[in-house]
>>> print(open('query_5.cif').read())   # mmCIF, C-alpha atoms
data_data
loop_
_atom_site.label_atom_id
_atom_site.label_comp_id
_atom_site.auth_asym_id
_atom_site.auth_seq_id
_atom_site.Cartn_x
_atom_site.Cartn_y
_atom_site.Cartn_z
CA MET A 1 -4.48 100.60 148.18
CA ASN A 2 -7.35 98.13 148.43
CA ILE A 3 -10.46 97.92 146.26
CA ILE A 4 -13.66 96.08 147.10
CA SER A 5 -16.01 95.51 144.17
CA THR A 6 -19.69 94.99 144.97
CA ASP A 7 -22.42 94.05 142.50
CA CYS A 8 -25.38 96.30 143.39
CA GLU A 9 -27.70 94.88 140.69
CA THR A 10 -28.07 98.16 138.77
CA HIS A 11 -24.36 98.99 138.95
CA ILE A 12 -20.96 97.93 140.28
CA ARG A 13 -19.65 99.83 143.29
CA LEU A 14 -15.89 100.05 143.77
CA MET A 15 -14.87 100.99 147.30
CA VAL A 16 -11.34 102.34 147.02
CA ASP A 17 -9.20 102.56 150.13
CA GLY A 18 -5.78 104.20 150.24
CA ARG A 19 -3.38 106.17 148.11
CA VAL A 20 -4.04 106.31 144.35
CA ASP A 21 -0.50 106.84 143.11
CA THR A 22 1.83 105.80 140.27
CA ASN A 23 2.22 102.29 141.66
CA THR A 24 -1.40 101.63 142.67
CA SER A 25 -3.34 103.33 139.84
CA PRO A 26 -2.94 100.36 137.42
CA GLN A 27 -4.90 98.36 140.02
CA LEU A 28 -7.66 101.00 140.04
CA GLN A 29 -7.72 101.08 136.25
CA ALA A 30 -7.97 97.27 136.08
CA ALA A 31 -10.80 97.25 138.64
CA ILE A 32 -12.75 99.90 136.70
CA LEU A 33 -12.32 98.05 133.41
CA ALA A 34 -13.31 94.73 135.05
CA ALA A 35 -16.44 96.41 136.47
CA PHE A 36 -17.42 97.65 132.99
CA GLN A 37 -17.13 94.06 131.78
CA LYS A 38 -19.99 93.20 134.16
CA LYS A 39 -22.22 96.29 134.14
CA LYS A 40 -22.37 99.47 132.13
CA ASP A 41 -22.78 101.67 135.20
CA VAL A 42 -19.99 101.96 137.75
CA VAL A 43 -19.75 103.95 140.98
CA VAL A 44 -16.26 104.65 142.31
CA ASP A 45 -16.43 105.41 146.04
CA PHE A 46 -13.56 107.64 147.18
CA LEU A 47 -14.60 107.89 150.84
CA ASN A 48 -11.23 106.50 151.95
CA VAL A 49 -9.08 108.21 149.33
CA LYS A 50 -7.20 111.30 150.44
CA TYR A 51 -4.46 111.18 147.83
CA ILE A 52 -4.57 111.06 144.03
CA SER A 53 -1.70 111.91 141.69
CA SER A 54 -1.81 112.45 137.92
CA ALA A 55 -1.40 108.68 137.42
CA GLY A 56 -4.67 108.17 139.31
CA LEU A 57 -6.37 110.85 137.20
CA ARG A 58 -5.27 108.92 134.12
CA ALA A 59 -7.04 105.78 135.45
CA LEU A 60 -10.23 107.80 136.04
CA LEU A 61 -10.01 109.33 132.55
CA ILE A 62 -9.73 105.87 130.99
CA GLY A 63 -12.73 104.82 133.10
CA GLN A 64 -14.74 107.80 131.85
CA LYS A 65 -13.82 107.04 128.22
CA THR A 66 -14.83 103.40 128.73
CA ALA A 67 -18.18 104.51 130.18
CA ALA A 68 -18.78 106.73 127.14
CA SER A 69 -17.86 103.98 124.68
CA LYS A 70 -20.25 101.56 126.39
CA ARG A 71 -22.99 104.20 126.69
CA GLY A 72 -22.84 103.66 130.43
CA SER A 73 -21.77 105.87 133.29
CA MET A 74 -19.00 106.23 135.83
CA LYS A 75 -19.76 108.21 138.95
CA LEU A 76 -17.24 109.32 141.54
CA THR A 77 -18.70 109.64 145.01
CA ASN A 78 -17.65 110.74 148.54
CA VAL A 79 -14.80 112.89 147.25
CA SER A 80 -12.66 114.56 149.95
CA SER A 81 -11.91 118.28 149.87
CA LEU A 82 -8.31 117.88 148.66
CA VAL A 83 -9.27 115.36 145.97
CA GLN A 84 -12.04 117.76 144.86
CA GLU A 85 -9.47 120.57 144.72
CA ILE A 86 -7.24 118.42 142.51
CA LEU A 87 -10.15 117.49 140.25
CA ASP A 88 -11.03 121.20 139.95
CA MET A 89 -7.50 122.43 139.19
CA SER A 90 -6.94 119.71 136.60
CA GLY A 91 -10.27 120.37 134.90
CA PHE A 92 -11.35 116.81 135.71
CA SER A 93 -14.42 117.98 137.60
CA GLN A 94 -15.74 119.07 134.17
CA ILE A 95 -15.02 115.65 132.65
CA LEU A 96 -16.08 113.28 135.42
CA VAL A 97 -19.47 112.80 137.02
CA ILE A 98 -19.02 113.63 140.70
CA GLU A 99 -21.81 113.08 143.20
CA MET B 1 10.14 122.09 166.84
CA GLU B 2 13.69 121.53 165.74
CA THR B 3 14.61 121.90 162.12
CA ILE B 4 14.64 118.64 160.16
CA ARG B 5 17.35 118.36 157.52
CA LYS B 6 17.80 115.27 155.39
CA GLU B 7 19.74 114.23 152.33
CA LEU B 8 18.20 111.18 150.67
CA GLN B 9 19.64 109.11 147.89
CA LEU B 10 17.10 106.87 146.19
CA GLN B 11 17.38 104.69 143.12
CA ALA B 12 15.46 106.41 140.34
CA LYS B 13 12.78 103.73 140.26
CA THR B 14 9.06 104.06 140.90
CA GLY B 15 9.40 101.17 143.38
CA GLU B 16 11.15 103.67 145.69
CA LEU B 17 8.12 105.97 145.79
CA ASP B 18 6.78 104.39 148.99
CA THR B 19 10.13 105.02 150.70
CA LEU B 20 10.05 108.70 149.73
CA LEU B 21 6.41 109.24 150.70
CA GLY B 22 6.92 107.38 153.99
CA ILE B 23 9.81 109.65 154.99
CA LEU B 24 7.93 112.82 154.02
CA GLU B 25 4.79 111.74 155.86
CA ALA B 26 6.70 110.99 159.08
CA ASP B 27 8.57 114.31 158.98
CA LEU B 28 5.49 116.37 158.12
CA ASP B 29 3.55 114.63 160.89
CA GLU B 30 6.28 115.54 163.35
CA ALA B 31 6.18 119.13 162.10
CA GLY B 32 2.42 119.33 162.69
CA CYS B 33 1.56 119.76 159.02
CA PRO B 34 -2.20 119.37 158.37
CA VAL B 35 -3.15 116.11 156.62
CA ASP B 36 -4.53 117.75 153.45
CA LYS B 37 -1.29 119.70 153.06
CA GLN B 38 0.74 116.52 153.63
CA MET B 39 -1.18 114.85 150.82
CA ALA B 40 -0.62 117.80 148.47
CA ILE B 41 3.12 117.80 149.24
CA GLY B 42 3.27 114.03 148.74
CA ILE B 43 1.51 114.28 145.39
CA CYS B 44 3.94 116.97 144.19
CA ALA B 45 6.94 114.94 145.40
CA GLU B 46 5.55 111.91 143.56
CA GLU B 47 5.12 113.80 140.29
CA ILE B 48 8.72 115.03 140.32
CA PHE B 49 10.23 111.76 141.55
CA VAL B 50 8.30 109.65 139.03
CA ASN B 51 9.36 111.98 136.20
CA ILE B 52 12.98 111.36 137.20
CA ALA B 53 12.37 107.60 137.49
CA ASN B 54 10.69 107.40 134.08
CA TYR B 55 12.60 109.91 131.98
CA ALA B 56 15.89 111.17 133.45
CA TYR B 57 18.02 108.17 132.59
CA GLU B 58 18.06 106.15 129.40
CA GLN B 59 19.17 102.53 129.81
CA GLU B 60 21.53 103.10 132.71
CA GLU B 61 20.47 103.02 136.33
CA GLY B 62 20.54 106.31 138.12
CA PHE B 63 19.77 108.05 141.36
CA ALA B 64 17.54 110.81 142.62
CA TRP B 65 19.01 112.92 145.40
CA ILE B 66 16.51 114.74 147.57
CA SER B 67 17.32 117.49 150.06
CA GLU B 68 14.62 118.11 152.61
CA THR B 69 14.40 120.96 155.12
CA VAL B 70 11.42 121.34 157.44
CA GLU B 71 11.24 124.40 159.69
CA ASP B 72 8.77 127.07 160.78
CA ASN B 73 5.69 125.49 159.16
CA LYS B 74 7.51 125.22 155.88
CA ILE B 75 9.13 122.43 153.86
CA SER B 76 11.72 122.92 151.13
CA LEU B 77 12.41 120.00 148.82
CA CYS B 78 15.08 119.86 146.17
CA PHE B 79 15.19 116.97 143.69
CA ARG B 80 18.40 116.34 141.78
CA ASP B 81 19.33 113.85 139.10
CA SER B 82 22.32 113.44 136.82
CA GLY B 83 20.27 112.47 133.77
CA LYS B 84 19.86 114.44 130.59
CA PRO B 85 19.19 118.17 131.12
CA TYR B 86 15.45 118.78 131.17
CA ASP B 87 13.42 121.67 132.51
CA PRO B 88 9.93 120.32 133.25
CA LEU B 89 8.67 123.84 134.07
CA ALA B 90 9.36 125.00 130.51
CA ARG B 91 6.71 122.68 129.18
CA GLU B 92 3.45 124.28 128.16
CA ASP B 93 0.62 123.79 130.67
CA PRO B 94 -2.05 121.31 129.58
CA ASP B 95 -5.40 122.64 128.40
CA THR B 96 -7.66 121.77 131.34
CA THR B 97 -10.82 122.76 129.48
CA LEU B 98 -10.77 119.93 126.93
CA SER B 99 -13.34 117.12 126.92
CA ALA B 100 -12.56 113.56 128.07
CA GLU B 101 -11.92 112.46 124.48
CA GLU B 102 -9.41 115.23 123.89
CA ARG B 103 -7.60 115.23 127.24
CA GLN B 104 -3.94 114.32 127.47
CA ILE B 105 -2.33 113.39 130.78
CA GLY B 106 1.19 114.44 129.76
CA GLY B 107 2.28 117.55 131.65
CA LEU B 108 -0.55 117.33 134.16
CA GLY B 109 1.70 116.30 137.05
CA VAL B 110 4.02 119.29 136.67
CA PHE B 111 1.00 121.56 136.24
CA MET B 112 -0.33 120.27 139.60
CA VAL B 113 3.05 121.00 141.20
CA LYS B 114 2.95 124.58 139.89
CA LYS B 115 -0.55 125.02 141.30
CA MET B 116 -0.06 123.39 144.69
CA SER B 117 3.42 124.61 145.68
CA ASP B 118 4.24 128.07 147.04
CA SER B 119 7.13 128.20 144.59
CA VAL B 120 8.90 125.87 142.20
CA THR B 121 12.16 126.57 140.38
CA TYR B 122 14.47 124.67 138.06
CA GLU B 123 18.15 125.02 137.33
CA TYR B 124 20.84 122.87 135.71
CA LYS B 125 23.86 123.02 137.94
CA GLU B 126 27.08 121.05 138.18
CA GLY B 127 25.82 118.40 135.78
CA LYS B 128 22.52 117.92 137.60
CA ASN B 129 18.89 118.84 137.09
CA CYS B 130 17.73 120.60 140.27
CA LEU B 131 14.06 121.15 140.92
CA ALA B 132 13.24 122.98 144.14
CA MET B 133 9.78 123.33 145.70
CA VAL B 134 8.56 125.12 148.81
CA PHE B 135 5.31 124.55 150.68
CA SER B 136 4.06 126.28 153.82
CA TRP B 137 1.09 125.74 156.12
#
>>> encode(input="query_5.cif", output="structure tokens")
Amino acid sequence: MNIISTDCETHIRLMVDGRVDTNTSPQLQAAILAAFQKKKDVVVDFLNVKYISSAGLRALLIGQKTAASKRGSMKLTNVSSLVQEILDMSGFSQILVIE
Amino acid sequence: METIRKELQLQAKTGELDTLLGILEADLDEAGCPVDKQMAIGICAEEIFVNIANYAYEQEEGFAWISETVEDNKISLCFRDSGKPYDPLAREDPDTTLSAEERQIGGLGVFMVKKMSDSVTYEYKEGKNCLAMVFSW
């Protein structure tokens, strides 16, 4: 998995590329937390993510909790159909902001 | 296509996850399994394998043995370990309606396996935990 972080003035955009699994999700979590150090609004772009396991959901949940504690926002964008299905079945589509 | 049958022995360590997912992806590709289904199968395999890696063995090193059969647009996977007896399917499903503050991740992986597989069964046999899953496409 590779993550490119871009400062878009109003927010930080994280372009995630690859599998979000047990071994790579700590990297996603670290990138989200680092982004919230810089801005209170973060967009996580999942255009190139086709795979997310429960470990990846945990990283997103921590991101969402961080957003709430900072009175900021975390938005998930460009979600593929399978990832959307996983977010729906896990109830995460109710918790996360998905564009 | 011809039937694919494999018996894998992997160290029960999360570092072996890439090996497992690589083998599954190659075999499912060969079998013409659609990409979304491949991902779903990979995710379920990860959840079960990582549970074994994290919880089956105490201090000692252990193995996960995986039997794979791919035929007729169907894959059967059986994960075995010789760790302490544990039926992950007996665990209560997580409440997926809770808010972000209240959500727990524990049990979510197995819940996803129950939802995404055609069938999943557990038995303790000959000193091993055996978790079998079937997926078709």
>>> resolve_selection(input="query_5.cif", expression="the PyMOL selection byres ((chain B) within 6 of (chain A))", output="VMD selection string")
chain B and resid 39 43 96 to 97 100 109
>>> write_last_selection(input="query_5.cif", atoms="C-alpha atoms", output="PDB file, keeping the file's coordinate frame")
ATOM      1  CA  MET B  39      -1.180 114.850 150.820  1.00  0.00           C
ATOM      2  CA  ILE B  43       1.510 114.280 145.390  1.00  0.00           C
ATOM      3  CA  THR B  96      -7.660 121.770 131.340  1.00  0.00           C
ATOM      4  CA  THR B  97     -10.820 122.760 129.480  1.00  0.00           C
ATOM      5  CA  ALA B 100     -12.560 113.560 128.070  1.00  0.00           C
ATOM      6  CA  GLY B 109       1.700 116.300 137.050  1.00  0.00           C
TER       7      GLY B 109
END
>>> closest_residue(input="query_5.cif", among="B:Gly22, B:Gly106, B:Gly127, B:Pro34", to="B:Tyr86", atoms="all atoms listed in the file")
B:Gly127
>>> atom_distance(input="query_5.cif", atom1="atom CA of B:Gly83", atom2="atom CA of A:Gly56")
25.9 Å
>>> residues_near_point(input="query_5.cif", point="(2.8, 117.1, 153.8)", cutoff="12 Å", atoms="only C-alpha atoms", output="PyMOL selection string")
(chain A and resi 51) or (chain B and resi 20-46+68+70+73-77+116-117+134-137)
>>> write_last_selection(input="query_5.cif", atoms="C-alpha atoms", output="mmCIF file, keeping the file's coordinate frame")
data_model
loop_
_atom_site.group_PDB
_atom_site.id
_atom_site.type_symbol
_atom_site.label_atom_id
_atom_site.label_comp_id
_atom_site.auth_asym_id
_atom_site.auth_seq_id
_atom_site.Cartn_x
_atom_site.Cartn_y
_atom_site.Cartn_z
ATOM 1 C CA TYR A 51 -4.460 111.180 147.830
ATOM 2 C CA LEU B 20 10.050 108.700 149.730
ATOM 3 C CA LEU B 21 6.410 109.240 150.700
ATOM 4 C CA GLY B 22 6.920 107.380 153.990
ATOM 5 C CA ILE B 23 9.810 109.650 154.990
ATOM 6 C CA LEU B 24 7.930 112.820 154.020
ATOM 7 C CA GLU B 25 4.790 111.740 155.860
ATOM 8 C CA ALA B 26 6.700 110.990 159.080
ATOM 9 C CA ASP B 27 8.570 114.310 158.980
ATOM 10 C CA LEU B 28 5.490 116.370 158.120
ATOM 11 C CA ASP B 29 3.550 114.630 160.890
ATOM 12 C CA GLU B 30 6.280 115.540 163.350
ATOM 13 C CA ALA B 31 6.180 119.130 162.100
ATOM 14 C CA GLY B 32 2.420 119.330 162.690
ATOM 15 C CA CYS B 33 1.560 119.760 159.020
ATOM 16 C CA PRO B 34 -2.200 119.370 158.370
ATOM 17 C CA VAL B 35 -3.150 116.110 156.620
ATOM 18 C CA ASP B 36 -4.530 117.750 153.450
ATOM 19 C CA LYS B 37 -1.290 119.700 153.060
ATOM 20 C CA GLN B 38 0.740 116.520 153.630
ATOM 21 C CA MET B 39 -1.180 114.850 150.820
ATOM 22 C CA ALA B 40 -0.620 117.800 148.470
ATOM 23 C CA ILE B 41 3.120 117.800 149.240
ATOM 24 C CA GLY B 42 3.270 114.030 148.740
ATOM 25 C CA ILE B 43 1.510 114.280 145.390
ATOM 26 C CA CYS B 44 3.940 116.970 144.190
ATOM 27 C CA ALA B 45 6.940 114.940 145.400
ATOM 28 C CA GLU B 46 5.550 111.910 143.560
ATOM 29 C CA GLU B 68 14.620 118.110 152.610
ATOM 30 C CA VAL B 70 11.420 121.340 157.440
ATOM 31 C CA ASN B 73 5.690 125.490 159.160
ATOM 32 C CA LYS B 74 7.510 125.220 155.880
ATOM 33 C CA ILE B 75 9.130 122.430 153.860
ATOM 34 C CA SER B 76 11.720 122.920 151.130
ATOM 35 C CA LEU B 77 12.410 120.000 148.820
ATOM 36 C CA MET B 116 -0.060 123.390 144.690
ATOM 37 C CA SER B 117 3.420 124.610 145.680
ATOM 38 C CA VAL B 134 8.560 125.120 148.810
ATOM 39 C CA PHE B 135 5.310 124.550 150.680
ATOM 40 C CA SER B 136 4.060 126.280 153.820
ATOM 41 C CA TRP B 137 1.090 125.740 156.120
#
>>> closest_residue(input="query_5.cif", among="B:Leu89, B:Lys128, B:Lys13, B:Glu2", to="B:Ile52", atoms="all atoms listed in the file")
B:Lys13
>>> residues_around(input="query_5.cif", residues="A:Ile3", least_positions_apart="6", cutoff="10 Å", atoms="all atoms listed in the file", output="list in words")
Arg13, Leu14, Met15, Val16, Asp17, Gly18, Gln27, Leu28, Ala31, Val44 and Asp45 of chain A
>>> residues_near_point(input="query_5.cif", point="(-19.7, 96.9, 138.3)", cutoff="6 Å", atoms="all atoms listed in the file", output="VMD selection string")
chain A and resid 7 11 to 13 35 to 36 38 to 39 42
>>> atom_distance(input="query_5.cif", atom1="atom CA of A:Gln37", atom2="atom CA of A:Val49")
23.9 Å
>>> resolve_selection(input="query_5.cif", expression="the PyMOL selection byres ((chain A and resi 78) around 8)", output="PyMOL selection string")
chain A and resi 45-47+76-77+79-80+99
